[in-house]
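Here is the file structure.pdb (PDB, C-alpha atoms and all ligand atoms).
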```pdb
ATOM      1  CA  MET A   1     -56.398 -89.553 -60.974
ATOM      2  CA  ARG A   2     -59.682 -88.184 -59.655
ATOM      3  CA  PRO A   3     -60.314 -84.854 -57.912
ATOM      4  CA  GLY A   4     -60.736 -86.601 -54.555
ATOM      5  CA  ASP A   5     -57.323 -88.285 -54.908
ATOM      6  CA  LEU A   6     -55.551 -84.956 -54.500
ATOM      7  CA  VAL A   7     -56.313 -84.761 -50.779
ATOM      8  CA  ALA A   8     -54.740 -88.204 -50.339
ATOM      9  CA  ARG A   9     -51.692 -86.964 -52.242
ATOM     10  CA  LYS A  10     -51.406 -84.067 -49.824
ATOM     11  CA  GLN A  11     -51.728 -86.399 -46.854
ATOM     12  CA  ALA A  12     -49.041 -88.652 -48.319
ATOM     13  CA  GLY A  13     -46.780 -85.613 -48.785
ATOM     14  CA  ARG A  14     -46.398 -86.300 -52.521
ATOM     15  CA  PRO A  15     -46.288 -83.065 -54.555
ATOM     16  CA  ILE A  16     -49.066 -82.436 -57.064
ATOM     17  CA  LEU A  17     -47.750 -81.140 -60.385
ATOM     18  CA  MET A  18     -50.228 -79.520 -62.725
ATOM     19  CA  LEU A  19     -49.459 -78.212 -66.217
ATOM     20  CA  THR A  20     -51.666 -76.326 -68.620
ATOM     21  CA  ALA A  21     -52.575 -77.522 -72.105
ATOM     22  CA  TRP A  22     -54.705 -75.975 -74.841
ATOM     23  CA  ASP A  23     -54.852 -78.437 -77.740
ATOM     24  CA  ALA A  24     -54.139 -82.057 -78.667
ATOM     25  CA  LEU A  25     -50.429 -81.378 -79.215
ATOM     26  CA  SER A  26     -49.814 -79.683 -75.865
ATOM     27  CA  GLY A  27     -52.061 -82.239 -74.118
ATOM     28  CA  ALA A  28     -49.950 -85.077 -75.537
ATOM     29  CA  LEU A  29     -46.725 -83.313 -74.513
ATOM     30  CA  VAL A  30     -47.682 -82.735 -70.897
ATOM     31  CA  GLU A  31     -49.130 -86.227 -70.555
ATOM     32  CA  GLU A  32     -45.955 -87.741 -72.005
ATOM     33  CA  ALA A  33     -43.918 -85.633 -69.573
ATOM     34  CA  GLY A  34     -45.848 -87.290 -66.751
ATOM     35  CA  ALA A  35     -48.356 -84.611 -65.718
ATOM     36  CA  GLU A  36     -51.044 -86.152 -63.544
ATOM     37  CA  VAL A  37     -53.217 -83.058 -63.534
ATOM     38  CA  VAL A  38     -53.800 -81.043 -66.706
ATOM     39  CA  LEU A  39     -55.481 -77.672 -66.596
ATOM     40  CA  VAL A  40     -57.109 -76.157 -69.653
ATOM     41  CA  GLY A  41     -56.582 -72.714 -68.202
ATOM     42  CA  ASP A  42     -58.246 -69.610 -69.520
ATOM     43  CA  SER A  43     -54.700 -68.248 -69.897
ATOM     44  CA  LEU A  44     -55.120 -69.800 -73.354
ATOM     45  CA  ALA A  45     -57.044 -66.635 -74.222
ATOM     46  CA  MET A  46     -53.716 -64.780 -74.105
ATOM     47  CA  VAL A  47     -51.272 -67.614 -74.843
ATOM     48  CA  VAL A  48     -52.875 -69.081 -77.956
ATOM     49  CA  LEU A  49     -55.804 -66.871 -78.944
ATOM     50  CA  GLY A  50     -53.843 -63.627 -78.806
ATOM     51  CA  HIS A  51     -56.178 -61.668 -76.540
ATOM     52  CA  ALA A  52     -54.776 -58.977 -74.248
ATOM     53  CA  THR A  53     -56.482 -60.466 -71.175
ATOM     54  CA  THR A  54     -58.294 -63.697 -70.283
ATOM     55  CA  LEU A  55     -61.679 -61.959 -70.331
ATOM     56  CA  PRO A  56     -62.750 -62.497 -73.966
ATOM     57  CA  VAL A  57     -62.503 -66.306 -74.091
ATOM     58  CA  THR A  58     -65.946 -67.916 -74.232
ATOM     59  CA  LEU A  59     -67.375 -71.033 -72.624
ATOM     60  CA  ALA A  60     -67.737 -72.651 -76.057
ATOM     61  CA  GLU A  61     -64.062 -71.970 -76.804
ATOM     62  CA  MET A  62     -62.972 -73.409 -73.441
ATOM     63  CA  ILE A  63     -65.022 -76.543 -74.101
ATOM     64  CA  GLY A  64     -63.577 -76.855 -77.627
ATOM     65  CA  HIS A  65     -60.001 -76.560 -76.327
ATOM     66  CA  THR A  66     -60.715 -79.081 -73.546
ATOM     67  CA  GLN A  67     -62.062 -81.532 -76.126
ATOM     68  CA  ALA A  68     -58.901 -81.033 -78.201
ATOM     69  CA  VAL A  69     -56.637 -81.623 -75.183
ATOM     70  CA  ALA A  70     -58.555 -84.820 -74.395
ATOM     71  CA  ARG A  71     -58.049 -86.017 -77.977
ATOM     72  CA  GLY A  72     -54.287 -85.672 -77.460
ATOM     73  CA  LEU A  73     -54.199 -87.930 -74.372
ATOM     74  CA  ARG A  74     -52.838 -91.365 -75.155
ATOM     75  CA  ARG A  75     -52.785 -93.266 -71.871
ATOM     76  CA  PRO A  76     -55.549 -95.841 -71.280
ATOM     77  CA  ARG A  77     -58.677 -94.230 -69.857
ATOM     78  CA  GLY A  78     -58.197 -95.010 -66.160
ATOM     79  CA  GLN A  79     -54.583 -93.817 -66.246
ATOM     80  CA  GLN A  80     -55.127 -90.476 -67.941
ATOM     81  CA  PRO A  81     -54.345 -87.231 -66.140
ATOM     82  CA  LEU A  82     -57.105 -85.475 -64.263
ATOM     83  CA  LEU A  83     -58.448 -82.908 -66.743
ATOM     84  CA  ILE A  84     -59.689 -79.609 -65.330
ATOM     85  CA  CYS A  85     -61.265 -76.789 -67.345
ATOM     86  CA  ASP A  86     -61.310 -73.138 -66.271
ATOM     87  CA  LEU A  87     -64.740 -71.546 -66.219
ATOM     88  CA  PRO A  88     -64.237 -68.345 -68.225
ATOM     89  CA  PHE A  89     -65.169 -64.836 -67.188
ATOM     90  CA  LEU A  90     -68.924 -64.226 -66.984
ATOM     91  CA  SER A  91     -69.850 -67.903 -67.191
ATOM     92  CA  TYR A  92     -70.421 -68.144 -63.421
ATOM     93  CA  GLN A  93     -70.591 -64.574 -62.098
ATOM     94  CA  CYS A  94     -74.291 -64.101 -62.937
ATOM     95  CA  GLY A  95     -75.591 -66.552 -60.369
ATOM     96  CA  THR A  96     -75.641 -70.147 -59.276
ATOM     97  CA  ASP A  97     -78.027 -71.378 -61.998
ATOM     98  CA  GLN A  98     -75.802 -69.912 -64.701
ATOM     99  CA  ALA A  99     -72.743 -71.479 -63.055
ATOM    100  CA  VAL A 100     -74.321 -74.944 -62.849
ATOM    101  CA  ALA A 101     -75.367 -74.703 -66.502
ATOM    102  CA  ALA A 102     -71.857 -73.625 -67.567
ATOM    103  CA  ALA A 103     -69.951 -76.163 -65.471
ATOM    104  CA  GLY A 104     -72.489 -78.846 -66.405
ATOM    105  CA  ARG A 105     -71.819 -78.163 -70.090
ATOM    106  CA  VAL A 106     -68.081 -78.519 -69.495
ATOM    107  CA  LEU A 107     -68.545 -81.940 -67.883
ATOM    108  CA  LYS A 108     -71.158 -83.104 -70.412
ATOM    109  CA  GLU A 109     -69.373 -81.952 -73.554
ATOM    110  CA  SER A 110     -65.721 -82.574 -72.693
ATOM    111  CA  ALA A 111     -63.702 -85.140 -70.778
ATOM    112  CA  ALA A 112     -62.978 -82.673 -67.961
ATOM    113  CA  ALA A 113     -63.768 -84.093 -64.529
ATOM    114  CA  ALA A 114     -63.666 -80.751 -62.719
ATOM    115  CA  VAL A 115     -63.777 -77.002 -63.201
ATOM    116  CA  LYS A 116     -61.678 -74.214 -61.738
ATOM    117  CA  LEU A 117     -62.998 -70.773 -60.986
ATOM    118  CA  GLU A 118     -61.570 -67.606 -59.504
ATOM    119  CA  GLY A 119     -62.373 -65.651 -56.375
ATOM    120  CA  GLY A 120     -63.539 -66.022 -52.800
ATOM    121  CA  GLU A 121     -66.246 -63.417 -52.352
ATOM    122  CA  PRO A 122     -69.464 -64.680 -50.714
ATOM    123  CA  GLU A 123     -71.232 -64.851 -54.118
ATOM    124  CA  THR A 124     -68.466 -67.075 -55.496
ATOM    125  CA  VAL A 125     -68.528 -69.258 -52.392
ATOM    126  CA  ALA A 126     -72.294 -69.721 -52.884
ATOM    127  CA  VAL A 127     -71.683 -70.711 -56.514
ATOM    128  CA  ILE A 128     -69.036 -73.260 -55.479
ATOM    129  CA  ASP A 129     -71.307 -74.697 -52.799
ATOM    130  CA  ARG A 130     -74.069 -75.203 -55.371
ATOM    131  CA  LEU A 131     -71.722 -76.693 -57.987
ATOM    132  CA  VAL A 132     -70.280 -79.150 -55.492
ATOM    133  CA  ARG A 133     -73.756 -80.149 -54.314
ATOM    134  CA  SER A 134     -74.676 -80.675 -57.988
ATOM    135  CA  GLY A 135     -71.854 -83.211 -58.279
ATOM    136  CA  ILE A 136     -69.345 -80.935 -60.009
ATOM    137  CA  PRO A 137     -65.858 -80.949 -58.469
ATOM    138  CA  VAL A 138     -64.396 -77.445 -58.120
ATOM    139  CA  MET A 139     -60.834 -76.198 -57.787
ATOM    140  CA  GLY A 140     -60.608 -72.709 -56.264
ATOM    141  CA  HIS A 141     -58.215 -69.947 -57.301
ATOM    142  CA  LEU A 142     -57.175 -67.031 -55.071
ATOM    143  CA  GLY A 143     -54.462 -64.363 -55.057
ATOM    144  CA  LEU A 144     -53.738 -62.993 -58.503
ATOM    145  CA  THR A 145     -56.982 -63.743 -60.317
ATOM    146  CA  PRO A 146     -56.568 -62.607 -63.951
ATOM    147  CA  GLN A 147     -60.333 -62.343 -64.534
ATOM    148  CA  SER A 148     -60.222 -59.408 -62.069
ATOM    149  CA  VAL A 149     -57.325 -57.702 -63.846
ATOM    150  CA  HIS A 150     -59.219 -54.428 -64.173
ATOM    151  CA  ARG A 151     -59.710 -54.328 -60.395
ATOM    152  CA  LEU A 152     -56.509 -55.945 -59.091
ATOM    153  CA  GLY A 153     -53.970 -55.765 -61.923
ATOM    154  CA  TYR A 154     -51.309 -58.449 -62.320
ATOM    155  CA  ARG A 155     -49.315 -57.466 -59.234
ATOM    156  CA  ARG A 156     -48.578 -59.661 -56.248
ATOM    157  CA  GLN A 157     -51.610 -59.964 -53.981
ATOM    158  CA  ALA A 158     -52.078 -60.102 -50.188
ATOM    159  CA  ARG A 159     -49.080 -57.924 -49.428
ATOM    160  CA  ASP A 160     -50.394 -56.426 -46.167
ATOM    161  CA  PRO A 161     -51.780 -58.088 -43.028
ATOM    162  CA  ILE A 162     -55.397 -57.045 -43.698
ATOM    163  CA  SER A 163     -55.495 -58.492 -47.210
ATOM    164  CA  GLN A 164     -53.647 -61.586 -45.981
ATOM    165  CA  GLU A 165     -56.322 -62.131 -43.368
ATOM    166  CA  ARG A 166     -59.029 -61.613 -46.016
ATOM    167  CA  LEU A 167     -57.395 -64.171 -48.299
ATOM    168  CA  ARG A 168     -57.054 -66.636 -45.406
ATOM    169  CA  ARG A 169     -60.787 -66.326 -44.636
ATOM    170  CA  GLN A 170     -61.644 -66.774 -48.302
ATOM    171  CA  ALA A 171     -59.468 -69.897 -48.511
ATOM    172  CA  LEU A 172     -61.238 -71.367 -45.476
ATOM    173  CA  ASP A 173     -64.610 -70.483 -47.045
ATOM    174  CA  LEU A 174     -63.652 -72.208 -50.301
ATOM    175  CA  GLU A 175     -62.613 -75.306 -48.401
ATOM    176  CA  ALA A 176     -65.874 -75.277 -46.419
ATOM    177  CA  ALA A 177     -67.835 -74.887 -49.681
ATOM    178  CA  GLY A 178     -66.252 -78.105 -50.925
ATOM    179  CA  CYS A 179     -63.333 -77.185 -53.203
ATOM    180  CA  PHE A 180     -61.072 -80.202 -53.654
ATOM    181  CA  ALA A 181     -57.952 -78.040 -54.105
ATOM    182  CA  LEU A 182     -56.919 -74.411 -54.199
ATOM    183  CA  VAL A 183     -54.614 -72.581 -56.608
ATOM    184  CA  LEU A 184     -52.758 -69.691 -54.969
ATOM    185  CA  GLU A 185     -51.220 -67.334 -57.504
ATOM    186  CA  HIS A 186     -48.582 -64.654 -56.867
ATOM    187  CA  VAL A 187     -48.913 -64.309 -53.091
ATOM    188  CA  PRO A 188     -46.209 -64.207 -50.390
ATOM    189  CA  ALA A 189     -44.590 -67.584 -49.797
ATOM    190  CA  ASP A 190     -45.087 -67.513 -46.031
ATOM    191  CA  LEU A 191     -48.839 -66.952 -46.468
ATOM    192  CA  ALA A 192     -49.056 -69.900 -48.899
ATOM    193  CA  GLY A 193     -47.070 -72.064 -46.489
ATOM    194  CA  SER A 194     -49.242 -71.230 -43.522
ATOM    195  CA  LEU A 195     -52.410 -71.850 -45.570
ATOM    196  CA  ARG A 196     -51.001 -75.179 -46.729
ATOM    197  CA  ARG A 197     -50.722 -76.190 -43.078
ATOM    198  CA  GLN A 198     -54.123 -74.782 -42.127
ATOM    199  CA  LEU A 199     -56.155 -76.338 -44.961
ATOM    200  CA  ALA A 200     -56.967 -80.016 -45.410
ATOM    201  CA  ILE A 201     -57.231 -79.539 -49.188
ATOM    202  CA  PRO A 202     -54.061 -79.185 -51.268
ATOM    203  CA  VAL A 203     -52.645 -75.743 -51.975
ATOM    204  CA  ILE A 204     -51.203 -75.612 -55.481
ATOM    205  CA  GLY A 205     -48.944 -72.629 -55.976
ATOM    206  CA  ILE A 206     -47.778 -70.485 -58.841
ATOM    207  CA  GLY A 207     -45.614 -67.613 -57.720
ATOM    208  CA  ALA A 208     -46.451 -68.617 -54.138
ATOM    209  CA  GLY A 209     -43.139 -70.144 -53.066
ATOM    210  CA  ASP A 210     -42.076 -73.741 -52.584
ATOM    211  CA  ASP A 211     -43.986 -74.462 -49.369
ATOM    212  CA  CYS A 212     -47.106 -75.665 -51.206
ATOM    213  CA  ASP A 213     -48.651 -79.099 -51.729
ATOM    214  CA  GLY A 214     -48.073 -78.763 -55.457
ATOM    215  CA  GLN A 215     -47.170 -76.407 -58.268
ATOM    216  CA  VAL A 216     -48.884 -75.353 -61.468
ATOM    217  CA  ARG A 217     -47.288 -73.655 -64.450
ATOM    218  CA  VAL A 218     -48.478 -72.366 -67.800
ATOM    219  CA  THR A 219     -46.718 -74.797 -70.148
ATOM    220  CA  ALA A 220     -46.083 -72.204 -72.850
ATOM    221  CA  ASP A 221     -44.281 -70.038 -70.247
ATOM    222  CA  LEU A 222     -42.154 -72.987 -69.085
ATOM    223  CA  LEU A 223     -41.178 -73.749 -72.664
ATOM    224  CA  GLY A 224     -40.289 -70.123 -73.337
ATOM    225  CA  LEU A 225     -42.851 -69.902 -76.122
ATOM    226  CA  THR A 226     -44.685 -66.823 -74.846
ATOM    227  CA  PRO A 227     -43.207 -63.410 -75.759
ATOM    228  CA  SER A 228     -42.631 -62.660 -72.055
ATOM    229  CA  GLN A 229     -43.103 -64.701 -68.921
ATOM    230  CA  PRO A 230     -44.488 -63.568 -65.579
ATOM    231  CA  PRO A 231     -41.753 -62.818 -63.012
ATOM    232  CA  PHE A 232     -42.550 -65.973 -61.036
ATOM    233  CA  SER A 233     -42.298 -68.391 -63.965
ATOM    234  CA  ALA A 234     -38.796 -68.862 -65.359
ATOM    235  CA  PRO A 235     -38.633 -70.511 -68.789
ATOM    236  CA  LEU A 236     -36.823 -73.860 -69.001
ATOM    237  CA  LEU A 237     -35.625 -73.179 -72.514
ATOM    238  CA  ALA A 238     -35.672 -70.436 -75.119
ATOM    239  CA  GLY A 239     -38.451 -72.192 -77.020
ATOM    240  CA  ARG A 240     -39.366 -69.247 -79.215
ATOM    241  CA  GLU A 241     -35.804 -68.680 -80.428
ATOM    242  CA  LEU A 242     -35.253 -72.417 -80.935
ATOM    243  CA  CYS A 243     -38.385 -72.685 -83.054
ATOM    244  CA  VAL A 244     -37.688 -69.539 -85.060
ATOM    245  CA  ASP A 245     -34.051 -70.565 -85.677
ATOM    246  CA  ALA A 246     -35.087 -74.047 -86.793
ATOM    247  CA  LEU A 247     -37.721 -72.693 -89.164
ATOM    248  CA  ARG A 248     -35.309 -70.076 -90.489
ATOM    249  CA  GLY A 249     -32.746 -72.833 -91.074
ATOM    250  CA  TRP A 250     -35.277 -74.865 -93.013
ATOM    251  CA  MET A 251     -36.175 -71.879 -95.153
ATOM    252  CA  GLN A 252     -32.521 -71.189 -95.921
ATOM    253  CA  SER A 253     -31.882 -74.799 -96.881
ATOM    254  CA  ALA A 254     -35.113 -74.940 -98.874
ATOM    255  CA  THR A 255     -33.869 -72.145-101.120
ATOM    256  CA  ARG A 256     -30.476 -73.757-101.931
ATOM    257  CA  PRO A 257     -30.707 -74.595-105.648
ATOM    258  CA  ASP A 258     -27.722 -77.007-105.487
ATOM    259  CA  ALA A 259     -29.202 -79.371-102.885
ATOM    260  CA  PRO A 260     -32.702 -80.809-103.357
ATOM    261  CA  LEU A 261     -34.851 -81.082-100.234
ATOM    262  CA  GLU A 262     -36.230 -84.437-101.273
ATOM    263  CA  VAL A 263     -35.494 -87.182-103.723
ATOM    264  CA  ASP A 264     -38.170 -89.755-104.543
ATOM    265  CA  GLY A 265     -40.404 -88.353-101.787
ATOM    266  CA  ARG A 266     -37.735 -88.738 -99.055
ATOM    267  CA  PRO A 267     -35.985 -85.820 -97.317
ATOM    268  CA  THR A 268     -32.311 -85.618 -98.226
ATOM    269  CA  ARG A 269     -31.290 -84.031 -94.910
ATOM    270  CA  PRO A 270     -32.758 -82.596 -91.750
ATOM    271  CA  ALA A 271     -33.208 -78.855 -91.587
ATOM    272  CA  THR A 272     -30.068 -77.112 -90.313
ATOM    273  CA  PRO A 273     -29.987 -77.816 -86.578
ATOM    274  CA  SER A 274     -29.458 -74.784 -84.384
ATOM    275  CA  ALA A 275     -27.577 -74.631 -81.127
ATOM    276  CA  PRO A 276     -29.748 -74.719 -78.007
ATOM    277  CA  HIS A 277     -30.091 -71.340 -76.299
ATOM    278  CA  CYS A 278     -30.674 -72.543 -72.777
TER     279      CYS A 278
HETATM  280  O1  LIG B   1     -55.420 -70.019 -66.673
HETATM  281  C1  LIG B   1     -54.414 -70.561 -66.167
HETATM  282  O2  LIG B   1     -53.497 -71.027 -66.864
HETATM  283  C2  LIG B   1     -54.362 -70.634 -64.722
HETATM  284  C3  LIG B   1     -53.051 -71.029 -64.082
HETATM  285  C4  LIG B   1     -52.126 -69.870 -64.053
HETATM  286  C5  LIG B   1     -53.275 -71.560 -62.718
HETATM  287  O3  LIG B   1     -55.310 -70.347 -64.073
END
```
Representation of the structure as structure tokens:
Amino acid sequence: MRPGDLVARKQAGRPILMLTAWDALSGALVEEAGAEVVLVGDSLAMVVLGHATTLPVTLAEMIGHTQAVARGLRRPRGQQPLLICDLPFLSYQCGTDQAVAAAGRVLKESAAAAVKLEGGEPETVAVIDRLVRSGIPVMGHLGLTPQSVHRLGYRRQARDPISQERLRRQALDLEAAGCFALVLEHVPADLAGSLRRQLAIPVIGIGAGDDCDGQVRVTADLLGLTPSQPPFSAPLLAGRELCVDALRGWMQSATRPDAPLEVDGRPTRPATPSAPHC
């Protein structure tokens, strides 16, 4: 899958499903599950690095995580998912030269074939235009943009007609600047649906309703591994509890003096299985 293939997918009416990954293990999981597009999202700052926001993650960290995800992919080269890396906060906001250098590093040093960046202000549109003309495919991201948390918070965006019109203009600007797809996060479903029909590029939603060309989810949220999930992302299973119960079971069985855990280097039994919580 290449960035340009996504427009054809939209035209064919086949949904685009994108999942996040942050290391070799999660990359292997989402690839095995059939993800055709894998995003190394800067949500990893919160999900796996323990930061309170996405702002602290650095370009070097994003590149390192993208390299790790790529190492987890097992399909033959031409059949691997499209790998996209988020440009982190302050790696593209200081001007077009800085943005080309940052995105260029991502493409040179990792197997990512595209970058994603947030926002639709004229400065960001100029950055995207320059990146695209430098040969770097760009996915846009509008609506709830976590890098602007201190300005916009985490609430639903574009709730009134004026901000909806602003977002619509920004989406059209991003398309004109050459984005190959657009993520719309936490916006009203009817706005996402009408933008999906207005834009030639695919609209990939998260908390933007079902009337999108595709959906993206943070894998750790879907698996119920994060301490709390955003309101628009229901977990598929109680992953945290399952993991904790399984580990607790192993620790209990490991301390039973009457039953050895291994004999001649082989486990005598699996750790106590726990009932699924979902
Ligand atoms: O960082 C991320 O995981 C994202 C998705 C929520 C789209 O940007």
Review point. Hey, what's within 12 Å of A:Arg9 if we count only C-alpha atoms and toss same-chain stuff fewer than 5 positions away? As a VMD selection string, please?
Key: chain A and resid 1 to 4 14 to 17 36 180 to 181 200 to 204 213 to 214
Check your understanding: Can you tell me how far atom CA of A:Leu222 sits from atom CA of A:Gly209, in Å to one decimal?
Key ->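 According to the coordinates, atom CA of A:Leu222 and atom CA of A:Gly209 are separated by 16.3 Å.
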Review point. Evaluating the PyMOL selection byres (((not hetatm)) within 6 of (chain B and resi 1)) on the displayed file yields which residues, as a ChimeraX atom specification?
Key: /A:20,41-43,216,218
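Our summary of the geometry notes that atom CA of A:Ile206 is positioned 7.5 Å from atom CA of A:Val183.
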Review point. Quick one: of A:Gln147, A:Glu121, A:Gly78, A:Ser134, who's nearest to A:Gly104, counting only C-alpha atoms?
Key: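 Nearest candidate to A:Gly104 out of A:Gln147, A:Glu121, A:Gly78, A:Ser134: A:Ser134.
You can rank A:Gly72, A:Gly119, A:Leu131, A:Cys243 by their closest distance to A:Gln98 using all atoms listed in the file, and at the top of that list sits A:Leu131.
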Point to revise | Explicit residues for the PyMOL selection byres (((chain A and resi 55-69) around 8) and not hetatm) (as a PyMOL selection string) | key: chain A and resi 21-28+40+42+45+51+53-54+70-73+85-89+91+102+106+109-112+147
Practice item. Evaluate the PyMOL selection byres (((chain A and resi 138) around 8) and not hetatm) and record the selected residues as a list of chain:residue names, following the chain and residue labels used in the document. Key: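 That expression, the PyMOL selection byres (((chain A and resi 138) around 8) and not hetatm), corresponds here to A:Ala114, A:Val115, A:Lys116, A:Leu117, A:Ile128, A:Leu131, A:Val132, A:Ile136, A:Pro137, A:Met139, A:Gly140, A:Gly178, A:Cys179, A:Phe180, A:Ala181.
From atom CA of A:Leu195 back to atom CA of A:Leu174, the distance works out to 12.2 Å.
For the set A:Val37, A:Val149, A:Ala192, A:Met46, the residue with the smallest atom-to-atom gap to A:Ser228 is A:Met46, counting all atoms listed in the file.
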Exercise for review: Considering only C-alpha atoms, return as a list in words whatever protein or nucleic-acid residues lie within 10 Å of A:Ser163, sequence-local ones (same chain, fewer than 6 positions apart) excluded.
Suggested key: Gly143, Gln157 and Arg169 of chain A
Written file, previous selection with C-alpha atoms, as an mmCIF file, in the frame of the given file:
```
data_model
loop_
_atom_site.group_PDB
_atom_site.id
_atom_site.type_symbol
_atom_site.label_atom_id
_atom_site.label_comp_id
_atom_site.auth_asym_id
_atom_site.auth_seq_id
_atom_site.Cartn_x
_atom_site.Cartn_y
_atom_site.Cartn_z
ATOM 1 C CA GLY A 143 -54.462 -64.363 -55.057
ATOM 2 C CA GLN A 157 -51.610 -59.964 -53.981
ATOM 3 C CA ARG A 169 -60.787 -66.326 -44.636
#
```
Exercise for review: Could you give me, as a ChimeraX atom specification, the residues within 9 Å of A:Ala259, counting all atoms listed in the file and dropping anything in the same chain fewer than 5 positions from it?
Suggested key: /A:253-254,268
Mind writing stretch 56-68 of chain A to a file for me, with N, CA and C atoms, as a JSON list (two decimals), in the first residue's frame?
```json
[["chain", "number", "residue", "atom", "x", "y", "z"],
["A", 56, "PRO", "N", 5.74, 16.42, 24.79],
["A", 56, "PRO", "CA", 7.18, 16.19, 25.05],
["A", 56, "PRO", "C", 7.89, 15.25, 24.08],
["A", 57, "VAL", "N", 7.17, 14.40, 23.34],
["A", 57, "VAL", "CA", 7.88, 13.41, 22.54],
["A", 57, "VAL", "C", 8.73, 14.11, 21.47],
["A", 58, "THR", "N", 9.94, 13.58, 21.26],
["A", 58, "THR", "CA", 10.88, 14.24, 20.35],
["A", 58, "THR", "C", 10.88, 13.55, 18.98],
["A", 59, "LEU", "N", 11.47, 14.25, 18.02],
["A", 59, "LEU", "CA", 11.59, 13.67, 16.67],
["A", 59, "LEU", "C", 12.43, 12.39, 16.73],
["A", 60, "ALA", "N", 13.52, 12.42, 17.49],
["A", 60, "ALA", "CA", 14.38, 11.23, 17.58],
["A", 60, "ALA", "C", 13.61, 10.05, 18.16],
["A", 61, "GLU", "N", 12.77, 10.33, 19.17],
["A", 61, "GLU", "CA", 11.97, 9.23, 19.75],
["A", 61, "GLU", "C", 10.97, 8.70, 18.72],
["A", 62, "MET", "N", 10.31, 9.60, 17.99],
["A", 62, "MET", "CA", 9.34, 9.14, 16.99],
["A", 62, "MET", "C", 10.03, 8.28, 15.93],
["A", 63, "ILE", "N", 11.22, 8.69, 15.53],
["A", 63, "ILE", "CA", 11.95, 7.90, 14.52],
["A", 63, "ILE", "C", 12.32, 6.53, 15.10],
["A", 64, "GLY", "N", 12.79, 6.52, 16.35],
["A", 64, "GLY", "CA", 13.17, 5.26, 17.00],
["A", 64, "GLY", "C", 11.98, 4.31, 17.10],
["A", 65, "HIS", "N", 10.81, 4.84, 17.48],
["A", 65, "HIS", "CA", 9.62, 3.98, 17.58],
["A", 65, "HIS", "C", 9.19, 3.50, 16.19],
["A", 66, "THR", "N", 9.32, 4.35, 15.19],
["A", 66, "THR", "CA", 8.93, 3.94, 13.82],
["A", 66, "THR", "C", 9.86, 2.82, 13.33],
["A", 67, "GLN", "N", 11.14, 2.95, 13.64],
["A", 67, "GLN", "CA", 12.09, 1.88, 13.28],
["A", 67, "GLN", "C", 11.70, 0.57, 13.97],
["A", 68, "ALA", "N", 11.31, 0.67, 15.24],
["A", 68, "ALA", "CA", 10.94, -0.54, 15.99],
["A", 68, "ALA", "C", 9.69, -1.18, 15.38]]
```
